[in-house]
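Enquirer: mmCIF, C-alpha atoms, saved as run_5.cif, coming up:
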```
data_final
loop_
_atom_site.label_atom_id
_atom_site.label_comp_id
_atom_site.auth_asym_id
_atom_site.auth_seq_id
_atom_site.Cartn_x
_atom_site.Cartn_y
_atom_site.Cartn_z
CA MET A 1 40.25 18.10 -41.61
CA GLY A 2 38.47 17.19 -44.82
CA PRO A 3 34.72 17.58 -45.46
CA PHE A 4 34.11 13.88 -44.88
CA ASN A 5 35.90 13.91 -41.52
CA ARG A 6 34.02 17.02 -40.41
CA LYS A 7 30.72 15.43 -41.34
CA ALA A 8 31.63 12.24 -39.46
CA ALA A 9 32.61 14.27 -36.38
CA GLU A 10 29.30 16.14 -36.48
CA VAL A 11 27.39 12.84 -36.70
CA VAL A 12 29.34 11.43 -33.75
CA GLU A 13 28.66 14.58 -31.69
CA GLU A 14 24.97 14.38 -32.55
CA VAL A 15 24.79 10.70 -31.55
CA VAL A 16 26.61 11.43 -28.26
CA ALA A 17 24.22 14.31 -27.53
CA ILE A 18 21.19 12.10 -28.22
CA GLU A 19 22.57 9.32 -25.99
CA ALA A 20 23.35 11.81 -23.23
CA GLU A 21 19.83 13.23 -23.44
CA ALA A 22 18.34 9.71 -23.37
CA MET A 23 20.50 8.79 -20.38
CA SER A 24 19.47 11.98 -18.58
CA THR A 25 15.79 11.27 -19.29
CA ALA A 26 16.16 7.69 -18.02
CA VAL A 27 17.92 8.85 -14.83
CA MET A 28 15.22 11.46 -14.18
CA ALA A 29 12.52 8.84 -14.76
CA VAL A 30 14.17 6.44 -12.30
CA LEU A 31 14.65 9.19 -9.70
CA GLY A 32 11.06 10.28 -10.21
CA PHE A 33 9.82 6.73 -9.70
CA ILE A 34 11.94 6.35 -6.55
CA ALA A 35 10.63 9.66 -5.20
CA PHE A 36 7.06 8.57 -5.96
CA LEU A 37 7.66 5.20 -4.27
CA TYR A 38 9.09 6.75 -1.13
CA GLY A 39 6.43 9.46 -1.04
CA ALA A 40 3.59 6.97 -1.47
CA THR A 41 5.06 4.77 1.27
CA VAL A 42 5.28 7.71 3.68
CA ILE A 43 1.66 8.69 2.97
CA VAL A 44 0.42 5.12 3.51
CA PHE A 45 2.40 4.86 6.77
CA LEU A 46 0.97 8.11 8.11
CA TYR A 47 -2.55 7.10 7.08
CA GLN A 48 -2.24 3.72 8.82
CA GLU A 49 -0.88 5.35 11.98
CA SER A 50 -3.92 7.66 12.04
CA LYS A 51 -6.22 4.61 12.03
CA VAL A 52 -4.80 2.67 15.00
CA GLY A 53 -6.84 4.60 17.57
CA TRP A 54 -4.81 7.55 18.88
CA LYS A 55 -7.10 10.16 20.45
CA LYS A 56 -5.33 12.90 18.56
CA ILE A 57 -2.26 13.23 16.36
CA THR A 58 -0.60 16.61 16.01
CA ARG A 59 2.97 15.41 15.61
CA TRP A 60 2.69 14.86 11.88
CA LEU A 61 6.08 16.38 11.11
CA ARG A 62 7.80 14.09 13.62
CA ASN A 63 6.00 11.09 12.14
CA LEU A 64 7.02 12.20 8.66
CA VAL A 65 10.68 12.51 9.67
CA PHE A 66 10.53 9.14 11.45
CA VAL A 67 9.17 7.26 8.43
CA PHE A 68 11.54 8.97 6.01
CA ALA A 69 14.55 8.29 8.29
CA MET A 70 13.42 4.69 8.64
CA LEU A 71 13.28 4.16 4.86
CA ALA A 72 16.35 6.21 3.95
CA GLY A 73 18.53 4.77 6.72
CA ALA A 74 17.64 1.21 5.77
CA THR A 75 18.32 1.96 2.09
CA VAL A 76 21.87 3.09 2.89
CA MET A 77 22.50 -0.15 4.83
CA ILE A 78 21.63 -2.44 1.91
CA ILE A 79 24.98 -2.25 0.08
CA PRO A 80 27.29 -2.99 3.07
CA SER A 81 24.96 -5.80 4.13
CA LEU A 82 25.07 -7.32 0.65
CA VAL A 83 28.87 -7.10 0.63
CA VAL A 84 29.11 -9.04 3.91
CA TYR A 85 26.59 -11.57 2.55
CA LEU A 86 28.70 -12.16 -0.56
CA VAL A 87 32.03 -12.28 1.27
CA GLY A 88 31.13 -14.00 4.54
CA GLY A 89 27.99 -15.99 3.74
CA SER A 90 24.36 -15.73 4.81
CA LYS A 91 24.90 -16.24 8.56
CA LYS A 92 27.44 -13.43 8.85
CA GLY A 93 25.34 -11.33 6.51
CA MET A 94 22.22 -11.66 8.67
CA HIS A 95 24.12 -10.90 11.88
CA PHE A 96 25.77 -7.87 10.29
CA ALA A 97 22.45 -6.56 8.94
CA CYS A 98 20.94 -6.97 12.44
CA TYR A 99 23.89 -5.05 13.90
CA LEU A 100 23.44 -2.14 11.47
CA MET A 101 19.69 -1.88 12.05
CA ARG A 102 20.09 -2.15 15.84
CA THR A 103 22.80 0.53 15.93
CA TYR A 104 20.84 2.93 13.72
CA PHE A 105 17.45 2.67 15.41
CA LYS A 106 18.94 2.65 18.92
CA ILE A 107 20.16 6.17 18.12
CA MET A 108 17.35 7.40 15.89
CA GLY A 109 14.38 6.16 17.96
CA PRO A 110 15.11 8.10 21.17
CA ILE A 111 16.15 11.22 19.23
CA LEU A 112 12.71 11.45 17.63
CA TRP A 113 10.47 10.01 20.35
CA GLY A 114 12.27 10.67 23.63
CA PRO A 115 13.96 8.27 26.05
CA PHE A 116 13.16 4.57 25.97
CA THR A 117 12.98 3.74 29.69
CA PHE A 118 13.44 0.08 30.57
CA GLU A 119 12.26 -1.58 33.78
CA GLY A 120 13.22 -5.15 34.68
CA THR A 121 16.45 -5.26 32.68
CA GLU A 122 17.69 -7.95 35.08
CA ASN A 123 15.25 -10.29 33.32
CA LEU A 124 17.08 -10.01 30.01
CA PRO A 125 19.29 -12.93 28.95
CA ASP A 126 22.67 -12.49 27.35
CA GLY A 127 22.10 -10.90 23.95
CA SER A 128 23.76 -13.81 22.15
CA THR A 129 21.24 -16.33 23.57
CA PRO A 130 18.58 -17.20 20.95
CA THR A 131 15.31 -15.99 22.45
CA ILE A 132 11.83 -14.97 21.36
CA TYR A 133 11.00 -11.41 22.38
CA CYS A 134 7.31 -10.53 22.26
CA ALA A 135 5.25 -7.49 23.22
CA ASN A 136 1.97 -5.70 22.65
CA HIS A 137 1.53 -3.82 19.37
CA GLN A 138 0.31 -0.22 19.32
CA SER A 139 2.41 1.90 16.97
CA SER A 140 4.92 1.81 14.14
CA VAL A 141 7.42 2.95 16.79
CA ASP A 142 7.14 -0.46 18.52
CA PHE A 143 9.87 -2.15 16.49
CA CYS A 144 12.39 0.39 17.82
CA THR A 145 11.97 -1.08 21.32
CA ILE A 146 13.47 -4.41 20.22
CA PHE A 147 16.44 -2.63 18.65
CA CYS A 148 16.87 -0.56 21.82
CA LEU A 149 16.89 -3.49 24.28
CA PRO A 150 19.92 -3.04 26.58
CA ASN A 151 21.25 -6.57 25.96
CA GLY A 152 21.51 -5.85 22.21
CA PRO A 153 20.17 -9.11 20.74
CA PRO A 154 20.57 -9.76 17.00
CA ALA A 155 16.82 -10.11 16.47
CA VAL A 156 14.95 -10.74 13.24
CA SER A 157 11.37 -9.65 12.75
CA VAL A 158 8.24 -11.59 11.98
CA ALA A 159 6.39 -9.28 9.61
CA LYS A 160 3.53 -9.40 7.15
CA SER A 161 4.68 -10.11 3.60
CA SER A 162 3.58 -6.69 2.32
CA MET A 163 6.46 -5.15 4.31
CA MET A 164 8.80 -6.45 1.61
CA PHE A 165 7.50 -3.68 -0.67
CA LEU A 166 8.69 -0.89 1.65
CA PRO A 167 11.64 0.68 -0.20
CA GLY A 168 14.88 0.02 1.65
CA PHE A 169 13.29 -1.14 4.87
CA GLY A 170 11.66 -4.22 3.39
CA GLN A 171 14.90 -5.31 1.76
CA MET A 172 16.83 -4.85 5.02
CA ILE A 173 14.27 -6.97 6.89
CA SER A 174 14.95 -9.67 4.32
CA LEU A 175 18.75 -9.29 4.63
CA MET A 176 18.42 -9.59 8.41
CA GLY A 177 16.70 -12.92 7.92
CA GLY A 178 13.20 -11.59 8.62
CA ILE A 179 10.30 -14.03 8.49
CA MET A 180 7.60 -12.80 6.12
CA VAL A 181 4.12 -14.22 6.71
CA SER A 182 0.82 -13.89 4.86
CA ARG A 183 -2.04 -13.62 7.32
CA GLY A 184 -4.70 -16.27 6.92
CA LYS A 185 -2.86 -18.03 4.11
CA LYS A 186 -2.59 -21.82 4.26
CA GLY A 187 0.87 -23.01 5.25
CA THR A 188 1.84 -19.76 7.00
CA LEU A 189 2.30 -21.38 10.42
CA ALA A 190 4.39 -24.22 8.97
CA MET A 191 6.61 -21.69 7.21
CA LEU A 192 6.97 -19.63 10.40
CA LEU A 193 8.08 -22.73 12.32
CA GLU A 194 10.48 -23.92 9.63
CA ILE A 195 12.21 -20.60 9.00
CA GLY A 196 11.98 -19.53 12.64
CA VAL A 197 13.80 -22.64 13.88
CA GLN A 198 16.49 -22.07 11.23
CA ARG A 199 17.02 -18.50 12.46
CA LEU A 200 17.21 -19.60 16.10
CA LYS A 201 19.75 -22.31 15.25
CA SER A 202 21.90 -19.72 13.48
CA GLY A 203 22.18 -17.75 16.74
CA LEU A 204 19.55 -15.12 15.98
CA SER A 205 16.65 -14.14 18.20
CA VAL A 206 13.11 -13.48 16.96
CA GLY A 207 11.07 -10.36 17.71
CA ILE A 208 7.31 -10.53 17.29
CA PHE A 209 4.08 -8.78 18.24
CA PRO A 210 1.57 -11.63 18.78
CA GLN A 211 -1.48 -9.34 18.58
CA GLY A 212 -0.74 -8.97 14.88
CA THR A 213 -2.38 -5.59 14.31
CA ARG A 214 -1.58 -2.23 15.88
CA THR A 215 -4.30 -1.01 18.24
CA VAL A 216 -4.25 1.76 20.86
CA PRO A 217 -5.69 0.43 24.17
CA LYS A 218 -8.91 2.19 25.21
CA LYS A 219 -10.59 2.36 28.58
CA GLY A 220 -13.49 -0.06 28.87
CA GLU A 221 -12.66 -1.91 25.65
CA PRO A 222 -11.05 -5.36 25.38
CA LEU A 223 -7.50 -5.63 24.14
CA ARG A 224 -6.55 -7.78 21.16
CA GLY A 225 -5.68 -11.31 22.13
CA PHE A 226 -2.44 -13.06 21.23
CA LYS A 227 -2.04 -15.47 18.32
CA ILE A 228 -0.31 -18.76 18.95
CA GLY A 229 2.33 -18.85 16.18
CA CYS A 230 5.37 -17.56 18.06
CA PHE A 231 4.59 -19.76 21.05
CA LYS A 232 4.57 -22.86 18.87
CA LEU A 233 7.91 -21.63 17.54
CA ALA A 234 9.26 -21.35 21.10
CA VAL A 235 8.18 -24.93 21.86
CA GLU A 236 9.51 -26.23 18.54
CA GLY A 237 12.83 -24.38 18.87
CA LYS A 238 13.13 -25.03 22.62
CA VAL A 239 13.97 -21.40 23.38
CA PRO A 240 12.67 -19.12 26.15
CA VAL A 241 10.24 -16.26 25.65
CA VAL A 242 11.01 -12.82 27.08
CA PRO A 243 7.73 -10.87 27.34
CA PHE A 244 7.76 -7.09 27.60
CA THR A 245 5.06 -4.44 27.78
CA ILE A 246 5.29 -1.21 25.80
CA ILE A 247 3.48 1.69 27.45
CA TYR A 248 2.97 5.00 25.66
CA PRO A 249 1.86 8.18 27.44
CA ASP A 250 -1.60 9.47 26.45
CA ASP A 251 0.00 12.50 24.81
CA PHE A 252 2.62 10.54 22.88
CA MET A 253 1.32 11.68 19.50
CA CYS A 254 0.21 15.16 20.47
CA SER A 255 2.43 16.53 23.27
CA SER A 256 4.15 19.85 22.80
CA GLY A 257 7.79 20.45 23.61
CA ASN A 258 10.14 17.54 24.14
CA PRO A 259 8.86 14.07 23.17
CA PRO A 260 7.56 12.15 26.22
CA GLY A 261 9.37 8.89 25.51
CA VAL A 262 8.32 5.26 25.93
CA LYS A 263 8.27 2.96 28.96
CA VAL A 264 9.15 -0.70 28.47
CA ILE A 265 8.53 -3.24 31.24
CA ILE A 266 10.57 -6.41 30.80
CA HIS A 267 9.06 -9.44 32.51
CA PRO A 268 10.80 -12.62 33.72
CA ARG A 269 11.53 -14.99 30.88
CA VAL A 270 9.23 -17.96 30.43
CA GLU A 271 10.57 -21.39 29.53
CA PRO A 272 8.79 -22.96 26.55
CA GLY A 273 7.75 -26.32 28.01
CA ASP A 274 5.74 -28.50 25.64
CA ASP A 275 2.33 -26.78 25.68
CA ALA A 276 2.14 -23.80 23.30
CA ASP A 277 -1.38 -22.82 24.38
CA LYS A 278 -0.40 -22.69 28.05
CA LEU A 279 2.72 -20.71 27.16
CA MET A 280 0.65 -18.22 25.16
CA LYS A 281 -1.79 -17.61 28.02
CA THR A 282 1.05 -17.13 30.51
CA VAL A 283 2.89 -14.63 28.31
CA GLU A 284 -0.30 -12.82 27.29
CA LYS A 285 -1.19 -12.18 30.93
CA LEU A 286 2.31 -10.93 31.74
CA VAL A 287 2.32 -8.51 28.80
CA LEU A 288 -1.26 -7.23 28.94
CA ASP A 289 -1.90 -6.93 32.71
CA PRO A 290 0.27 -3.78 33.11
CA LEU A 291 -1.38 -2.34 30.00
CA MET A 292 -4.86 -2.90 31.45
CA LYS A 293 -3.79 -1.31 34.73
CA GLU A 294 -2.29 1.70 32.95
CA THR A 295 -5.07 2.34 30.43
CA GLY A 296 -8.25 0.86 31.94
CA ALA A 297 -8.65 -1.49 28.99
CA LEU A 298 -10.38 -4.84 29.51
CA ALA A 299 -8.98 -8.34 29.28
CA PRO A 300 -8.63 -9.60 25.71
CA VAL A 301 -11.20 -11.66 23.91
CA PRO A 302 -9.48 -14.94 22.93
CA TYR A 303 -8.36 -14.93 19.32
CA VAL A 304 -10.33 -17.31 17.10
CA PRO A 305 -8.96 -18.09 13.62
CA LYS A 306 -11.27 -16.99 10.82
CA LYS A 307 -12.06 -20.51 9.59
CA LYS A 308 -12.98 -21.72 13.06
CA ALA A 309 -15.17 -18.66 13.62
CA GLU A 310 -17.03 -19.33 10.36
CA ALA A 311 -17.47 -22.98 11.29
CA LYS A 312 -19.01 -22.03 14.63
CA LYS A 313 -21.43 -19.65 12.91
CA SER A 314 -22.55 -22.34 10.48
CA ASP A 315 -23.18 -24.71 13.40
#
```
The structure in this file should be written as structure tokens.

Expert:
Amino acid sequence: MGPFNRKAAEVVEEVVAIEAEAMSTAVMAVLGFIAFLYGATVIVFLYQESKVGWKKITRWLRNLVFVFAMLAGATVMIIPSLVVYLVGGSKKGMHFACYLMRTYFKIMGPILWGPFTFEGTENLPDGSTPTIYCANHQSSVDFCTIFCLPNGPPAVSVAKSSMMFLPGFGQMISLMGGIMVSRGKKGTLAMLLEIGVQRLKSGLSVGIFPQGTRTVPKKGEPLRGFKIGCFKLAVEGKVPVVPFTIIYPDDFMCSSGNPPGVKVIIHPRVEPGDDADKLMKTVEKLVLDPLMKETGALAPVPYVPKKKAEAKKSD
């Protein structure tokens, strides 16, 4: 090999080495960003769970594993869900994404938190029947109850829009056909009704927590009241509502030994009729009465939208 060829080979080797180093740096930067994103999400989740009103939380490691498994598991499901979307279309893609999430959390939820015990399973419709499932909202574990329902409905979530930023999990909610809402934003109810009816017509069910915000029931204090959105959706979509009550033991977040599990009471389904307000009051009573009996909490103060509350104050 002549001097010129040797020099050219050295230059090529140097360029390849520089490119390899740049590629390695870029990969490390991306991995670092992903690690930061997941870590920040876990920290925010744990912080929020500490603020919902639990008397004491000692099961931090279990919470940490739960949040990480939730994000990581959902991340793995994105690619197969996208493939089905591209090959079979959006309807098949949403149903397949629902199937993956339901299968995963039906296994993972009880492993981490103990058995999910269901009472009133005779009240459940066939899983393929479009239905609105609604319950009280107390913990980030709540969504597992919908995935664990014995009739296995392909149910999409109604979630606040910020959930889209959860790595993996937010994208899977979207692939499932989840309905993202911005609380208090104009047009949110109209969007819920429009997208919700589309999901129901495509054979999906809708899972929702009408209280909106997680709160641990406390003796002598009123529970959060229900918001009317999902009940207007039931009337608009002409589908029944299946109410269920989620009851956690007092030591759910601090018990030693085996996890105590969760009790879910499924109530008789309620037909939508044509009066959303009446439907809301009926379902609210069914869901919250067992919770008041179990915890000593008081009946909820009716929810008043922020604008109406401000108008009353000005009057």

Enquirer: Can you translate the PyMOL selection byres ((chain A and resi 119) around 7) into the concrete residues it hits in this file, as a ChimeraX atom specification?

Expert: /A:117-118,120-121,264-266

Enquirer: Using all atoms listed in the file, pick whichever of A:Val301, A:Cys254, A:Met176, A:Val242 has the shortest atom-to-atom distance to A:Tyr85.

Expert: A:Met176

Enquirer: Would you mind telling me which residue in A:Ile57, A:Ala40, A:Ala35, A:Ala155 lies nearest to A:Ser255 when using only C-alpha atoms?

Expert: A:Ile57

Enquirer: Please identify all polymer residues within 12 Å of A:Ile107, counting all atoms listed in the file, omitting same-chain residues fewer than 5 positions from it, and present them as an mmCIF file with C-alpha atoms, keeping the file's coordinate frame.

Expert:
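Output (around.cif):
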```cif
data_model
loop_
_atom_site.group_PDB
_atom_site.id
_atom_site.type_symbol
_atom_site.label_atom_id
_atom_site.label_comp_id
_atom_site.auth_asym_id
_atom_site.auth_seq_id
_atom_site.Cartn_x
_atom_site.Cartn_y
_atom_site.Cartn_z
ATOM 1 C CA ALA A 69 14.550 8.290 8.290
ATOM 2 C CA MET A 70 13.420 4.690 8.640
ATOM 3 C CA GLY A 73 18.530 4.770 6.720
ATOM 4 C CA LEU A 100 23.440 -2.140 11.470
ATOM 5 C CA MET A 101 19.690 -1.880 12.050
ATOM 6 C CA ARG A 102 20.090 -2.150 15.840
ATOM 7 C CA LEU A 112 12.710 11.450 17.630
ATOM 8 C CA TRP A 113 10.470 10.010 20.350
ATOM 9 C CA GLY A 114 12.270 10.670 23.630
ATOM 10 C CA PRO A 115 13.960 8.270 26.050
ATOM 11 C CA PHE A 116 13.160 4.570 25.970
ATOM 12 C CA CYS A 144 12.390 0.390 17.820
ATOM 13 C CA THR A 145 11.970 -1.080 21.320
ATOM 14 C CA PHE A 147 16.440 -2.630 18.650
ATOM 15 C CA CYS A 148 16.870 -0.560 21.820
ATOM 16 C CA LEU A 149 16.890 -3.490 24.280
#
```

Enquirer: Can you pull out the residues contacting stretch 168-174 of chain A? Cut-off 8 Å, using all atoms listed in the file, and skip same-chain residues under 2 positions away; I want them as a compact mmCIF listing (two decimals) with C-alpha atoms, in the coordinates of the input.

Expert:
```txt
# COMPACT_ATOMS: atom_id res chain seq x y z
CA MET A 70 13.42 4.69 8.64
CA LEU A 71 13.28 4.16 4.86
CA ALA A 72 16.35 6.21 3.95
CA GLY A 73 18.53 4.77 6.72
CA ALA A 74 17.64 1.21 5.77
CA THR A 75 18.32 1.96 2.09
CA VAL A 76 21.87 3.09 2.89
CA MET A 77 22.50 -0.15 4.83
CA ILE A 78 21.63 -2.44 1.91
CA ALA A 97 22.45 -6.56 8.94
CA VAL A 156 14.95 -10.74 13.24
CA SER A 157 11.37 -9.65 12.75
CA MET A 163 6.46 -5.15 4.31
CA MET A 164 8.80 -6.45 1.61
CA PHE A 165 7.50 -3.68 -0.67
CA LEU A 166 8.69 -0.89 1.65
CA MET A 176 18.42 -9.59 8.41
CA GLY A 177 16.70 -12.92 7.92
CA GLY A 178 13.20 -11.59 8.62
CA ILE A 179 10.30 -14.03 8.49
```
